[in-house]
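Peer 1: work_7.txt is the file, holding compact mmCIF, N, CA and C atoms:
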# COMPACT_ATOMS: atom_id res chain seq x y z
N MET A 841 0.84 -1.18 0.00
CA MET A 841 0.00 0.00 0.00
C MET A 841 0.89 1.25 0.00
N VAL A 842 0.42 2.25 -0.69
CA VAL A 842 1.15 3.50 -0.79
C VAL A 842 1.02 4.27 0.52
N ASP A 843 2.11 4.86 0.98
CA ASP A 843 2.05 5.60 2.25
C ASP A 843 1.23 6.89 2.08
N GLY A 844 0.86 7.52 3.18
CA GLY A 844 -0.05 8.66 3.19
C GLY A 844 0.38 9.85 2.35
N VAL A 845 1.65 10.25 2.46
CA VAL A 845 2.13 11.42 1.71
C VAL A 845 2.12 11.14 0.21
N LEU A 846 2.62 9.99 -0.18
CA LEU A 846 2.64 9.63 -1.59
C LEU A 846 1.22 9.48 -2.13
N LEU A 847 0.33 8.87 -1.36
CA LEU A 847 -1.06 8.70 -1.78
C LEU A 847 -1.72 10.05 -2.02
N ARG A 848 -1.54 10.99 -1.09
CA ARG A 848 -2.14 12.32 -1.25
C ARG A 848 -1.54 13.06 -2.45
N THR A 849 -0.26 12.88 -2.68
CA THR A 849 0.40 13.53 -3.82
C THR A 849 -0.14 12.96 -5.13
N LEU A 850 -0.23 11.64 -5.23
CA LEU A 850 -0.79 11.01 -6.43
C LEU A 850 -2.23 11.45 -6.66
N PHE A 851 -3.00 11.53 -5.59
CA PHE A 851 -4.39 11.96 -5.67
C PHE A 851 -4.47 13.39 -6.21
N ARG A 852 -3.68 14.30 -5.64
CA ARG A 852 -3.74 15.71 -6.06
C ARG A 852 -3.32 15.88 -7.53
N VAL A 853 -2.32 15.15 -7.96
CA VAL A 853 -1.89 15.21 -9.37
C VAL A 853 -2.99 14.68 -10.28
N HIS A 854 -3.58 13.56 -9.92
CA HIS A 854 -4.66 12.96 -10.70
C HIS A 854 -5.86 13.90 -10.76
N LEU A 855 -6.23 14.48 -9.63
CA LEU A 855 -7.36 15.42 -9.58
C LEU A 855 -7.08 16.65 -10.43
N TRP A 856 -5.91 17.24 -10.29
CA TRP A 856 -5.56 18.44 -11.05
C TRP A 856 -5.60 18.16 -12.56
N THR A 857 -5.03 17.04 -12.97
CA THR A 857 -5.01 16.66 -14.38
C THR A 857 -6.43 16.42 -14.89
N SER A 858 -7.22 15.71 -14.13
CA SER A 858 -8.61 15.44 -14.53
C SER A 858 -9.42 16.73 -14.66
N ALA A 859 -9.23 17.65 -13.74
CA ALA A 859 -9.97 18.92 -13.77
C ALA A 859 -9.59 19.72 -15.01
N ARG A 860 -8.33 19.67 -15.42
CA ARG A 860 -7.89 20.43 -16.59
C ARG A 860 -8.32 19.78 -17.89
N LEU A 861 -8.37 18.46 -17.92
CA LEU A 861 -8.76 17.76 -19.15
C LEU A 861 -10.28 17.65 -19.32
N MET A 862 -11.02 17.69 -18.24
CA MET A 862 -12.47 17.48 -18.31
C MET A 862 -13.19 18.38 -19.32
N PRO A 863 -12.96 19.69 -19.33
CA PRO A 863 -13.70 20.52 -20.28
C PRO A 863 -13.51 20.08 -21.74
N VAL A 864 -12.32 19.64 -22.07
CA VAL A 864 -12.04 19.19 -23.43
C VAL A 864 -12.68 17.83 -23.69
N LEU A 865 -12.58 16.94 -22.72
CA LEU A 865 -13.06 15.58 -22.92
C LEU A 865 -14.58 15.43 -22.88
N ILE A 866 -15.27 16.29 -22.13
CA ILE A 866 -16.73 16.16 -22.11
C ILE A 866 -17.40 17.15 -23.05
N GLY A 867 -16.72 18.26 -23.35
CA GLY A 867 -17.19 19.23 -24.33
C GLY A 867 -18.69 19.27 -24.55
N ARG A 868 -19.09 18.97 -25.73
CA ARG A 868 -20.51 19.00 -26.11
C ARG A 868 -21.06 17.59 -26.26
N ARG A 869 -20.65 16.72 -25.40
CA ARG A 869 -21.09 15.33 -25.46
C ARG A 869 -22.50 15.16 -24.88
N SER A 870 -23.07 14.01 -25.14
CA SER A 870 -24.41 13.69 -24.63
C SER A 870 -24.35 13.50 -23.12
N PHE A 871 -25.51 13.58 -22.50
CA PHE A 871 -25.61 13.40 -21.05
C PHE A 871 -25.04 12.05 -20.64
N GLU A 872 -25.35 11.00 -21.40
CA GLU A 872 -24.85 9.66 -21.08
C GLU A 872 -23.33 9.60 -21.14
N SER A 873 -22.74 10.27 -22.12
CA SER A 873 -21.28 10.29 -22.24
C SER A 873 -20.64 11.06 -21.09
N VAL A 874 -21.28 12.16 -20.70
CA VAL A 874 -20.77 12.97 -19.59
C VAL A 874 -20.78 12.16 -18.30
N LEU A 875 -21.82 11.36 -18.10
CA LEU A 875 -21.93 10.57 -16.87
C LEU A 875 -20.85 9.49 -16.76
N LYS A 876 -20.18 9.18 -17.85
CA LYS A 876 -19.06 8.22 -17.77
C LYS A 876 -17.93 8.77 -16.90
N TRP A 877 -17.90 10.10 -16.70
CA TRP A 877 -16.91 10.71 -15.82
C TRP A 877 -17.27 10.48 -14.36
N ALA A 878 -18.48 10.00 -14.11
CA ALA A 878 -18.93 9.70 -12.75
C ALA A 878 -19.19 8.20 -12.69
N PRO A 879 -18.14 7.40 -12.59
CA PRO A 879 -18.30 5.94 -12.69
C PRO A 879 -19.14 5.37 -11.55
N LEU A 880 -19.97 4.39 -11.89
CA LEU A 880 -20.78 3.73 -10.87
C LEU A 880 -20.00 2.63 -10.17
N SER A 881 -19.00 2.11 -10.84
CA SER A 881 -18.09 1.18 -10.18
C SER A 881 -16.69 1.57 -10.62
N ALA A 882 -15.77 1.50 -9.71
CA ALA A 882 -14.41 1.95 -10.00
C ALA A 882 -13.43 1.28 -9.07
N PRO A 883 -12.17 1.18 -9.50
CA PRO A 883 -11.13 0.72 -8.57
C PRO A 883 -10.99 1.76 -7.46
N THR A 884 -10.34 1.39 -6.39
CA THR A 884 -10.23 2.30 -5.24
C THR A 884 -8.77 2.60 -4.90
N PRO A 885 -8.07 3.27 -5.82
CA PRO A 885 -6.66 3.57 -5.55
C PRO A 885 -6.46 4.58 -4.41
N TYR A 886 -7.50 5.33 -4.08
CA TYR A 886 -7.36 6.37 -3.06
C TYR A 886 -8.08 6.01 -1.76
N ARG A 887 -8.30 4.72 -1.55
CA ARG A 887 -8.89 4.27 -0.29
C ARG A 887 -7.99 4.71 0.85
N GLY A 888 -8.58 5.23 1.87
CA GLY A 888 -7.82 5.73 3.00
C GLY A 888 -7.89 7.25 3.11
N LEU A 889 -8.21 7.91 2.01
CA LEU A 889 -8.41 9.36 2.07
C LEU A 889 -9.81 9.63 2.59
N SER A 890 -9.98 10.64 3.41
CA SER A 890 -11.30 10.93 3.97
C SER A 890 -12.15 11.67 2.93
N SER A 891 -13.46 11.56 3.08
CA SER A 891 -14.36 12.26 2.17
C SER A 891 -14.18 13.77 2.31
N ALA A 892 -13.95 14.26 3.52
CA ALA A 892 -13.75 15.69 3.73
C ALA A 892 -12.50 16.18 2.99
N TYR A 893 -11.44 15.39 3.02
CA TYR A 893 -10.21 15.75 2.31
C TYR A 893 -10.45 15.82 0.81
N ILE A 894 -11.17 14.84 0.27
CA ILE A 894 -11.46 14.80 -1.16
C ILE A 894 -12.32 15.98 -1.58
N VAL A 895 -13.38 16.26 -0.84
CA VAL A 895 -14.28 17.37 -1.16
C VAL A 895 -13.52 18.71 -1.10
N ALA A 896 -12.70 18.90 -0.08
CA ALA A 896 -11.93 20.14 0.03
C ALA A 896 -10.96 20.28 -1.14
N ALA A 897 -10.33 19.19 -1.54
CA ALA A 897 -9.39 19.23 -2.66
C ALA A 897 -10.11 19.54 -3.97
N VAL A 898 -11.28 18.94 -4.17
CA VAL A 898 -12.06 19.24 -5.38
C VAL A 898 -12.45 20.71 -5.40
N ASN A 899 -12.98 21.21 -4.29
CA ASN A 899 -13.39 22.62 -4.24
C ASN A 899 -12.21 23.56 -4.50
N ARG A 900 -11.06 23.24 -3.96
CA ARG A 900 -9.86 24.06 -4.15
C ARG A 900 -9.41 24.00 -5.61
N THR A 901 -9.49 22.84 -6.22
CA THR A 901 -9.02 22.65 -7.59
C THR A 901 -9.89 23.37 -8.62
N VAL A 902 -11.18 23.49 -8.35
CA VAL A 902 -12.09 24.08 -9.35
C VAL A 902 -12.54 25.49 -8.99
N ARG A 903 -11.94 26.12 -8.01
CA ARG A 903 -12.46 27.41 -7.55
C ARG A 903 -12.31 28.55 -8.54
N HIS A 904 -11.35 28.50 -9.46
CA HIS A 904 -11.16 29.57 -10.45
C HIS A 904 -11.21 28.98 -11.86
N PRO A 905 -12.39 28.63 -12.35
CA PRO A 905 -12.47 27.97 -13.66
C PRO A 905 -12.24 28.94 -14.81
N TRP A 906 -11.45 28.53 -15.78
CA TRP A 906 -11.31 29.28 -17.02
C TRP A 906 -12.32 28.75 -18.02
N LEU A 907 -12.48 27.45 -18.00
CA LEU A 907 -13.44 26.81 -18.88
C LEU A 907 -14.57 26.24 -18.02
N MET A 908 -15.71 26.05 -18.61
CA MET A 908 -16.89 25.51 -17.92
C MET A 908 -17.38 26.44 -16.82
N ARG A 909 -17.16 27.74 -16.96
CA ARG A 909 -17.64 28.68 -15.94
C ARG A 909 -19.15 28.61 -15.79
N ASP A 910 -19.83 28.41 -16.90
CA ASP A 910 -21.29 28.37 -16.86
C ASP A 910 -21.83 27.02 -16.41
N ARG A 911 -20.94 26.04 -16.26
CA ARG A 911 -21.35 24.71 -15.79
C ARG A 911 -20.47 24.28 -14.62
N ARG A 912 -20.25 25.21 -13.72
CA ARG A 912 -19.35 24.97 -12.59
C ARG A 912 -19.82 23.80 -11.72
N CYS A 913 -21.12 23.74 -11.44
CA CYS A 913 -21.61 22.66 -10.57
C CYS A 913 -21.41 21.30 -11.22
N LEU A 914 -21.52 21.24 -12.55
CA LEU A 914 -21.30 19.96 -13.25
C LEU A 914 -19.85 19.54 -13.11
N ARG A 915 -18.94 20.47 -13.28
CA ARG A 915 -17.51 20.15 -13.15
C ARG A 915 -17.19 19.69 -11.73
N GLU A 916 -17.67 20.43 -10.73
CA GLU A 916 -17.44 20.05 -9.33
C GLU A 916 -18.08 18.70 -9.03
N GLY A 917 -19.31 18.53 -9.47
CA GLY A 917 -20.04 17.30 -9.18
C GLY A 917 -19.40 16.07 -9.79
N LEU A 918 -19.02 16.17 -11.06
CA LEU A 918 -18.39 15.02 -11.72
C LEU A 918 -17.06 14.66 -11.06
N LEU A 919 -16.25 15.67 -10.76
CA LEU A 919 -14.96 15.40 -10.13
C LEU A 919 -15.14 14.82 -8.72
N ALA A 920 -16.03 15.41 -7.94
CA ALA A 920 -16.24 14.92 -6.58
C ALA A 920 -16.77 13.49 -6.60
N HIS A 921 -17.75 13.21 -7.44
CA HIS A 921 -18.30 11.86 -7.52
C HIS A 921 -17.21 10.87 -7.92
N ARG A 922 -16.45 11.23 -8.95
CA ARG A 922 -15.40 10.36 -9.48
C ARG A 922 -14.36 10.03 -8.41
N PHE A 923 -13.87 11.05 -7.70
CA PHE A 923 -12.80 10.80 -6.75
C PHE A 923 -13.30 10.23 -5.43
N LEU A 924 -14.52 10.51 -5.05
CA LEU A 924 -15.10 9.82 -3.89
C LEU A 924 -15.24 8.33 -4.20
N ARG A 925 -15.63 8.02 -5.42
CA ARG A 925 -15.73 6.62 -5.85
C ARG A 925 -14.36 5.95 -5.81
N PHE A 926 -13.34 6.68 -6.30
CA PHE A 926 -11.98 6.13 -6.31
C PHE A 926 -11.44 5.90 -4.90
N ALA A 927 -12.05 6.53 -3.92
CA ALA A 927 -11.63 6.34 -2.53
C ALA A 927 -12.50 5.31 -1.81
N GLY A 928 -13.43 4.70 -2.54
CA GLY A 928 -14.25 3.65 -1.95
C GLY A 928 -15.56 4.12 -1.34
N PHE A 929 -15.91 5.39 -1.52
CA PHE A 929 -17.18 5.89 -0.99
C PHE A 929 -18.30 5.60 -1.98
N ASP A 930 -19.53 5.78 -1.53
CA ASP A 930 -20.71 5.48 -2.34
C ASP A 930 -21.56 6.74 -2.52
N PRO A 931 -21.08 7.72 -3.29
CA PRO A 931 -21.82 8.97 -3.46
C PRO A 931 -22.92 8.83 -4.51
N ASP A 932 -23.84 9.76 -4.50
CA ASP A 932 -24.76 9.87 -5.62
C ASP A 932 -24.73 11.29 -6.16
N LEU A 933 -24.83 11.39 -7.47
CA LEU A 933 -24.79 12.65 -8.18
C LEU A 933 -26.22 12.98 -8.56
N ARG A 934 -26.72 14.11 -8.08
CA ARG A 934 -28.12 14.47 -8.30
C ARG A 934 -28.23 15.66 -9.23
N PHE A 935 -29.27 15.63 -10.05
CA PHE A 935 -29.52 16.69 -11.02
C PHE A 935 -30.91 17.25 -10.81
N GLY A 936 -31.02 18.55 -10.94
CA GLY A 936 -32.31 19.21 -10.80
C GLY A 936 -32.47 20.33 -11.81
N VAL A 937 -33.71 20.73 -12.04
CA VAL A 937 -34.00 21.86 -12.93
C VAL A 937 -34.94 22.82 -12.22
N ASP A 938 -34.90 24.05 -12.64
CA ASP A 938 -35.83 25.06 -12.14
C ASP A 938 -37.04 25.04 -13.05
N PRO A 939 -38.22 24.65 -12.53
CA PRO A 939 -39.41 24.55 -13.39
C PRO A 939 -39.77 25.86 -14.08
N LYS A 940 -39.41 26.98 -13.48
CA LYS A 940 -39.73 28.28 -14.09
C LYS A 940 -38.93 28.52 -15.37
N SER A 941 -37.83 27.80 -15.54
CA SER A 941 -36.99 28.00 -16.71
C SER A 941 -37.34 27.07 -17.87
N MET A 942 -38.34 26.24 -17.70
CA MET A 942 -38.68 25.24 -18.72
C MET A 942 -39.02 25.87 -20.07
N GLN A 943 -39.63 27.03 -20.06
CA GLN A 943 -40.02 27.69 -21.32
C GLN A 943 -38.98 28.70 -21.80
N ALA A 944 -37.93 28.90 -21.03
CA ALA A 944 -36.90 29.87 -21.40
C ALA A 944 -35.99 29.31 -22.50
N LYS A 945 -35.22 30.20 -23.14
CA LYS A 945 -34.28 29.77 -24.18
C LYS A 945 -33.24 28.81 -23.61
N ARG A 946 -32.86 29.07 -22.38
CA ARG A 946 -31.85 28.23 -21.74
C ARG A 946 -32.39 27.76 -20.39
N MET A 947 -32.49 26.45 -20.24
CA MET A 947 -33.03 25.89 -19.01
C MET A 947 -32.01 26.04 -17.88
N SER A 948 -32.51 26.32 -16.68
CA SER A 948 -31.66 26.45 -15.51
C SER A 948 -31.59 25.08 -14.82
N ALA A 949 -30.39 24.52 -14.80
CA ALA A 949 -30.19 23.20 -14.19
C ALA A 949 -29.06 23.29 -13.17
N HIS A 950 -28.99 22.29 -12.31
CA HIS A 950 -27.99 22.28 -11.25
C HIS A 950 -27.70 20.83 -10.88
N CYS A 951 -26.48 20.58 -10.41
CA CYS A 951 -26.18 19.24 -9.88
C CYS A 951 -25.41 19.38 -8.59
N TRP A 952 -25.49 18.33 -7.77
CA TRP A 952 -24.81 18.31 -6.49
C TRP A 952 -24.52 16.87 -6.12
N VAL A 953 -23.60 16.67 -5.19
CA VAL A 953 -23.19 15.33 -4.77
C VAL A 953 -23.60 15.11 -3.32
N CYS A 954 -24.19 13.96 -3.06
CA CYS A 954 -24.57 13.58 -1.70
C CYS A 954 -23.83 12.31 -1.30
N LEU A 955 -23.52 12.25 -0.03
CA LEU A 955 -22.89 11.07 0.55
C LEU A 955 -23.70 10.72 1.78
N ASP A 956 -24.20 9.51 1.83
CA ASP A 956 -25.08 9.07 2.92
C ASP A 956 -26.30 9.99 3.06
N GLY A 957 -26.82 10.45 1.91
CA GLY A 957 -28.04 11.26 1.91
C GLY A 957 -27.84 12.73 2.23
N ARG A 958 -26.60 13.14 2.53
CA ARG A 958 -26.34 14.55 2.87
C ARG A 958 -25.48 15.18 1.78
N PRO A 959 -25.81 16.41 1.37
CA PRO A 959 -24.99 17.08 0.34
C PRO A 959 -23.58 17.36 0.85
N VAL A 960 -22.59 17.03 0.03
CA VAL A 960 -21.19 17.30 0.38
C VAL A 960 -20.54 18.26 -0.61
N VAL A 961 -21.05 18.31 -1.82
CA VAL A 961 -20.58 19.27 -2.82
C VAL A 961 -21.82 19.95 -3.37
N SER A 962 -21.89 21.25 -3.13
CA SER A 962 -23.04 22.06 -3.52
C SER A 962 -24.28 21.55 -2.78
N ASP A 963 -25.42 21.96 -3.22
CA ASP A 963 -26.69 21.50 -2.65
C ASP A 963 -27.78 21.92 -3.62
N SER A 964 -28.94 21.36 -3.45
CA SER A 964 -30.06 21.74 -4.28
C SER A 964 -30.36 23.22 -4.06
N LEU A 965 -30.59 23.93 -5.15
CA LEU A 965 -30.92 25.35 -5.05
C LEU A 965 -32.41 25.52 -4.80
N PRO A 966 -32.81 26.62 -4.18
CA PRO A 966 -34.24 26.85 -3.93
C PRO A 966 -35.04 26.80 -5.24
N GLY A 967 -36.14 26.09 -5.21
CA GLY A 967 -37.00 25.98 -6.37
C GLY A 967 -36.63 24.87 -7.33
N MET A 968 -35.47 24.25 -7.14
CA MET A 968 -35.05 23.17 -8.03
C MET A 968 -35.85 21.90 -7.76
N VAL A 969 -36.16 21.20 -8.83
CA VAL A 969 -36.85 19.92 -8.73
C VAL A 969 -35.87 18.84 -9.19
N GLU A 970 -35.61 17.88 -8.33
CA GLU A 970 -34.67 16.81 -8.68
C GLU A 970 -35.29 15.96 -9.78
N ILE A 971 -34.51 15.74 -10.85
CA ILE A 971 -35.01 14.95 -11.97
C ILE A 971 -34.24 13.65 -12.20
N TYR A 972 -33.01 13.56 -11.65
CA TYR A 972 -32.23 12.34 -11.86
C TYR A 972 -31.22 12.19 -10.73
N ARG A 973 -31.01 10.93 -10.36
CA ARG A 973 -30.02 10.58 -9.33
C ARG A 973 -29.14 9.49 -9.91
N HIS A 974 -27.85 9.78 -10.05
CA HIS A 974 -26.87 8.85 -10.62
C HIS A 974 -26.23 8.09 -9.47
N HIS A 975 -26.60 6.82 -9.34
CA HIS A 975 -26.13 6.02 -8.21
C HIS A 975 -25.99 4.57 -8.63
N ALA A 976 -25.01 3.88 -8.08
CA ALA A 976 -24.74 2.49 -8.44
C ALA A 976 -25.87 1.55 -8.06
N ASP A 977 -26.51 1.79 -6.94
CA ASP A 977 -27.61 0.95 -6.49
C ASP A 977 -28.89 1.39 -7.20
N ALA A 978 -29.41 0.53 -8.05
CA ALA A 978 -30.58 0.89 -8.85
C ALA A 978 -31.76 1.29 -7.97
N GLY A 979 -31.82 0.79 -6.75
CA GLY A 979 -32.91 1.15 -5.84
C GLY A 979 -32.78 2.58 -5.36
N LYS A 980 -31.56 3.12 -5.34
CA LYS A 980 -31.35 4.50 -4.91
C LYS A 980 -31.37 5.46 -6.10
N ALA A 981 -31.02 4.97 -7.28
CA ALA A 981 -31.02 5.82 -8.47
C ALA A 981 -32.43 5.89 -9.01
N HIS A 982 -32.79 7.05 -9.50
CA HIS A 982 -34.12 7.17 -10.12
C HIS A 982 -34.16 8.36 -11.05
N ALA A 983 -35.09 8.30 -11.94
CA ALA A 983 -35.38 9.44 -12.81
C ALA A 983 -36.81 9.84 -12.55
N ALA A 984 -37.05 11.11 -12.41
CA ALA A 984 -38.40 11.59 -12.13
C ALA A 984 -39.15 11.84 -13.41
Please, can you express the file's structure as structure tokens?

Peer 2:
Amino acid sequence: MVDGVLLRTLFRVHLWTSARLMPVLIGRRSFESVLKWAPLSAPTPYRGLSSAYIVAAVNRTVRHPWLMRDRRCLREGLLAHRFLRFAGFDPDLRFGVDPKSMQAKRMSAHCWVCLDGRPVVSDSLPGMVEIYRHHADAGKAHAA
């Protein structure tokens, strides 16, 4: 097993690289393709890192986006879900829309990550209606 300092260093490098490549790799892809960045099953190379450490690192890594500024929650959510999964946690990635924006030119949507039912990255915004939950357990995942 990799010792703590080396494990955290490998994690930070992997997270930084993933955050920089994500805008290019997910670009204008379909929703299903984008969700591949949030794996439902994954190896656990970062087991031993705490969820709080991972969430803080994700937030720090994405705090000044050059790309994906208009989809900041998606970038944070995908990275947090991905790296929590890599650490052996069981997060779910939730998506919601603002019903008032349904007739607008651009729909207002939001995503957030929950761990054990509690939001850890972002949270549902007021007025948002949850429409999809990306989770490995089919009983917990649902589409509204």

Peer 1: At what distance in Å, to one decimal, does atom CA of A:Cys913 lie from atom N of A:Gly867?

Peer 2: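 Atom CA of A:Cys913 lies 14.4 Å from atom N of A:Gly867.
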
Peer 1: Give the answer as one residue: which of A:Arg852, A:Gly957, A:His950, A:Glu970 has the shortest atom-to-atom distance to A:Ala897, using all atoms listed in the file?

Peer 2: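 Nearest candidate to A:Ala897 out of A:Arg852, A:Gly957, A:His950, A:Glu970: A:Arg852.
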
Peer 1: So, counting only C-alpha atoms, which residue among A:Cys954, A:Leu846, A:Val937, A:Ala976 is closest to A:Tyr886?

Peer 2: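 Using only C-alpha atoms, the shortest distance to A:Tyr886 belongs to A:Leu846.
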
Peer 1: For atom C of A:Pro885 and atom N of A:Asn899, quote the distance in Å rounded to one decimal.

Peer 2: 17.9 Å

Peer 1: Distance atom N of A:Gly888-atom CA of A:Phe929, one decimal place?

Peer 2: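 Atom N of A:Gly888 sits 9.1 Å away from atom CA of A:Phe929.
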
Peer 1: Just checking: using only C-alpha atoms, which residue out of A:Lys945, A:Lys940, A:Arg922, A:Arg868 ends up closest to A:Pro966?

Peer 2: A:Lys940

Peer 1: Would you mind telling me which residue in A:Ser873, A:Pro931, A:Gln943, A:Gly936 lies nearest to A:Ile971 when using all atoms listed in the file?

Peer 2: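 Closest residue, counting all atoms listed in the file: A:Gly936.
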
Peer 1: Leaving out A:Ser964 and any residue of its chain fewer than 4 positions from it, which residues lie within 9 Å of it when counting only C-alpha atoms, given as a ChimeraX atom specification?

Peer 2: /A:934-936,950-952,959,968-970

Peer 1: Using all atoms listed in the file, determine which residues lie at most 7 Å from A:Thr884, disregarding the query and same-chain residues fewer than 3 positions distant; provide the list as a PDB file with N, CA and C atoms, in the frame of the given file.

Peer 2:
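Below is the file that was written, around.pdb:
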ATOM      1  N   ARG A 887      -8.300   4.720  -1.550  1.00  0.00           N
ATOM      2  CA  ARG A 887      -8.890   4.270  -0.290  1.00  0.00           C
ATOM      3  C   ARG A 887      -7.990   4.710   0.850  1.00  0.00           C
ATOM      4  N   ARG A 925     -15.630   8.020  -5.420  1.00  0.00           N
ATOM      5  CA  ARG A 925     -15.730   6.620  -5.850  1.00  0.00           C
ATOM      6  C   ARG A 925     -14.360   5.950  -5.810  1.00  0.00           C
ATOM      7  N   PHE A 926     -13.340   6.680  -6.300  1.00  0.00           N
ATOM      8  CA  PHE A 926     -11.980   6.130  -6.310  1.00  0.00           C
ATOM      9  C   PHE A 926     -11.440   5.900  -4.900  1.00  0.00           C
ATOM     10  N   ALA A 927     -12.050   6.530  -3.920  1.00  0.00           N
ATOM     11  CA  ALA A 927     -11.630   6.340  -2.530  1.00  0.00           C
ATOM     12  C   ALA A 927     -12.500   5.310  -1.810  1.00  0.00           C
ATOM     13  N   GLY A 928     -13.430   4.700  -2.540  1.00  0.00           N
ATOM     14  CA  GLY A 928     -14.250   3.650  -1.950  1.00  0.00           C
ATOM     15  C   GLY A 928     -15.560   4.120  -1.340  1.00  0.00           C
TER      16      GLY A 928
END

Peer 1: I need the residue nearest A:Asp932 from this list: A:Glu916, A:Ala944, A:Val898, A:His974. Use only N, CA and C atoms for the distance.

Peer 2: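 Using only N, CA and C atoms, the shortest distance to A:Asp932 belongs to A:His974.
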
Peer 1: If you run DSSP on the backbone, which residues of chain A are strand (DSSP E or B), as a tab-separated table (two decimals) with N, CA and C atoms, in the frame of the given file?

Peer 2:
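Output (selection09.tsv):
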chain	number	residue	atom	x	y	z
A	887	ARG	N	-8.30	4.72	-1.55
A	887	ARG	CA	-8.89	4.27	-0.29
A	887	ARG	C	-7.99	4.71	0.85
A	889	LEU	N	-8.21	7.91	2.01
A	889	LEU	CA	-8.41	9.36	2.07
A	889	LEU	C	-9.81	9.63	2.59
A	932	ASP	N	-23.84	9.76	-4.50
A	932	ASP	CA	-24.76	9.87	-5.62
A	932	ASP	C	-24.73	11.29	-6.16
A	933	LEU	N	-24.83	11.39	-7.47
A	933	LEU	CA	-24.79	12.65	-8.18
A	933	LEU	C	-26.22	12.98	-8.56
A	934	ARG	N	-26.72	14.11	-8.08
A	934	ARG	CA	-28.12	14.47	-8.30
A	934	ARG	C	-28.23	15.66	-9.23
A	935	PHE	N	-29.27	15.63	-10.05
A	935	PHE	CA	-29.52	16.69	-11.02
A	935	PHE	C	-30.91	17.25	-10.81
A	936	GLY	N	-31.02	18.55	-10.94
A	936	GLY	CA	-32.31	19.21	-10.80
A	936	GLY	C	-32.47	20.33	-11.81
A	937	VAL	N	-33.71	20.73	-12.04
A	937	VAL	CA	-34.00	21.86	-12.93
A	937	VAL	C	-34.94	22.82	-12.22
A	949	ALA	N	-30.39	24.52	-14.80
A	949	ALA	CA	-30.19	23.20	-14.19
A	949	ALA	C	-29.06	23.29	-13.17
A	950	HIS	N	-28.99	22.29	-12.31
A	950	HIS	CA	-27.99	22.28	-11.25
A	950	HIS	C	-27.70	20.83	-10.88
A	951	CYS	N	-26.48	20.58	-10.41
A	951	CYS	CA	-26.18	19.24	-9.88
A	951	CYS	C	-25.41	19.38	-8.59
A	952	TRP	N	-25.49	18.33	-7.77
A	952	TRP	CA	-24.81	18.31	-6.49
A	952	TRP	C	-24.52	16.87	-6.12
A	953	VAL	N	-23.60	16.67	-5.19
A	953	VAL	CA	-23.19	15.33	-4.77
A	953	VAL	C	-23.60	15.11	-3.32
A	954	CYS	N	-24.19	13.96	-3.06
A	954	CYS	CA	-24.57	13.58	-1.70
A	954	CYS	C	-23.83	12.31	-1.30
A	955	LEU	N	-23.52	12.25	-0.03
A	955	LEU	CA	-22.89	11.07	0.55
A	955	LEU	C	-23.70	10.72	1.78
A	958	ARG	N	-26.60	13.14	2.53
A	958	ARG	CA	-26.34	14.55	2.87
A	958	ARG	C	-25.48	15.18	1.78
A	959	PRO	N	-25.81	16.41	1.37
A	959	PRO	CA	-24.99	17.08	0.34
A	959	PRO	C	-23.58	17.36	0.85
A	960	VAL	N	-22.59	17.03	0.03
A	960	VAL	CA	-21.19	17.30	0.38
A	960	VAL	C	-20.54	18.26	-0.61
A	961	VAL	N	-21.05	18.31	-1.82
A	961	VAL	CA	-20.58	19.27	-2.82
A	961	VAL	C	-21.82	19.95	-3.37
A	969	VAL	N	-36.16	21.20	-8.83
A	969	VAL	CA	-36.85	19.92	-8.73
A	969	VAL	C	-35.87	18.84	-9.19
A	970	GLU	N	-35.61	17.88	-8.33
A	970	GLU	CA	-34.67	16.81	-8.68
A	970	GLU	C	-35.29	15.96	-9.78
A	971	ILE	N	-34.51	15.74	-10.85
A	971	ILE	CA	-35.01	14.95	-11.97
A	971	ILE	C	-34.24	13.65	-12.20
A	972	TYR	N	-33.01	13.56	-11.65
A	972	TYR	CA	-32.23	12.34	-11.86
A	972	TYR	C	-31.22	12.19	-10.73
A	973	ARG	N	-31.01	10.93	-10.36
A	973	ARG	CA	-30.02	10.58	-9.33
A	973	ARG	C	-29.14	9.49	-9.91
A	974	HIS	N	-27.85	9.78	-10.05
A	974	HIS	CA	-26.87	8.85	-10.62
A	974	HIS	C	-26.23	8.09	-9.47
A	982	HIS	N	-32.79	7.05	-9.50
A	982	HIS	CA	-34.12	7.17	-10.12
A	982	HIS	C	-34.16	8.36	-11.05
A	983	ALA	N	-35.09	8.30	-11.94
A	983	ALA	CA	-35.38	9.44	-12.81
A	983	ALA	C	-36.81	9.84	-12.55

Peer 1: Pick the closest to A:Trp877 from A:Val960, A:Leu933, A:Leu847, A:Leu918: which is it, counting only N, CA and C atoms?

Peer 2: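 Ranking A:Val960, A:Leu933, A:Leu847, A:Leu918 by distance to A:Trp877, first place goes to A:Leu918.
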
Peer 1: Let's see if you can do this: from backbone DSSP, list all alpha helix (DSSP H) residues in stretch 842-975 of chain A, as a PyMOL selection string.

Peer 2: chain A and resi 844-866+871-875+891-901+912-926
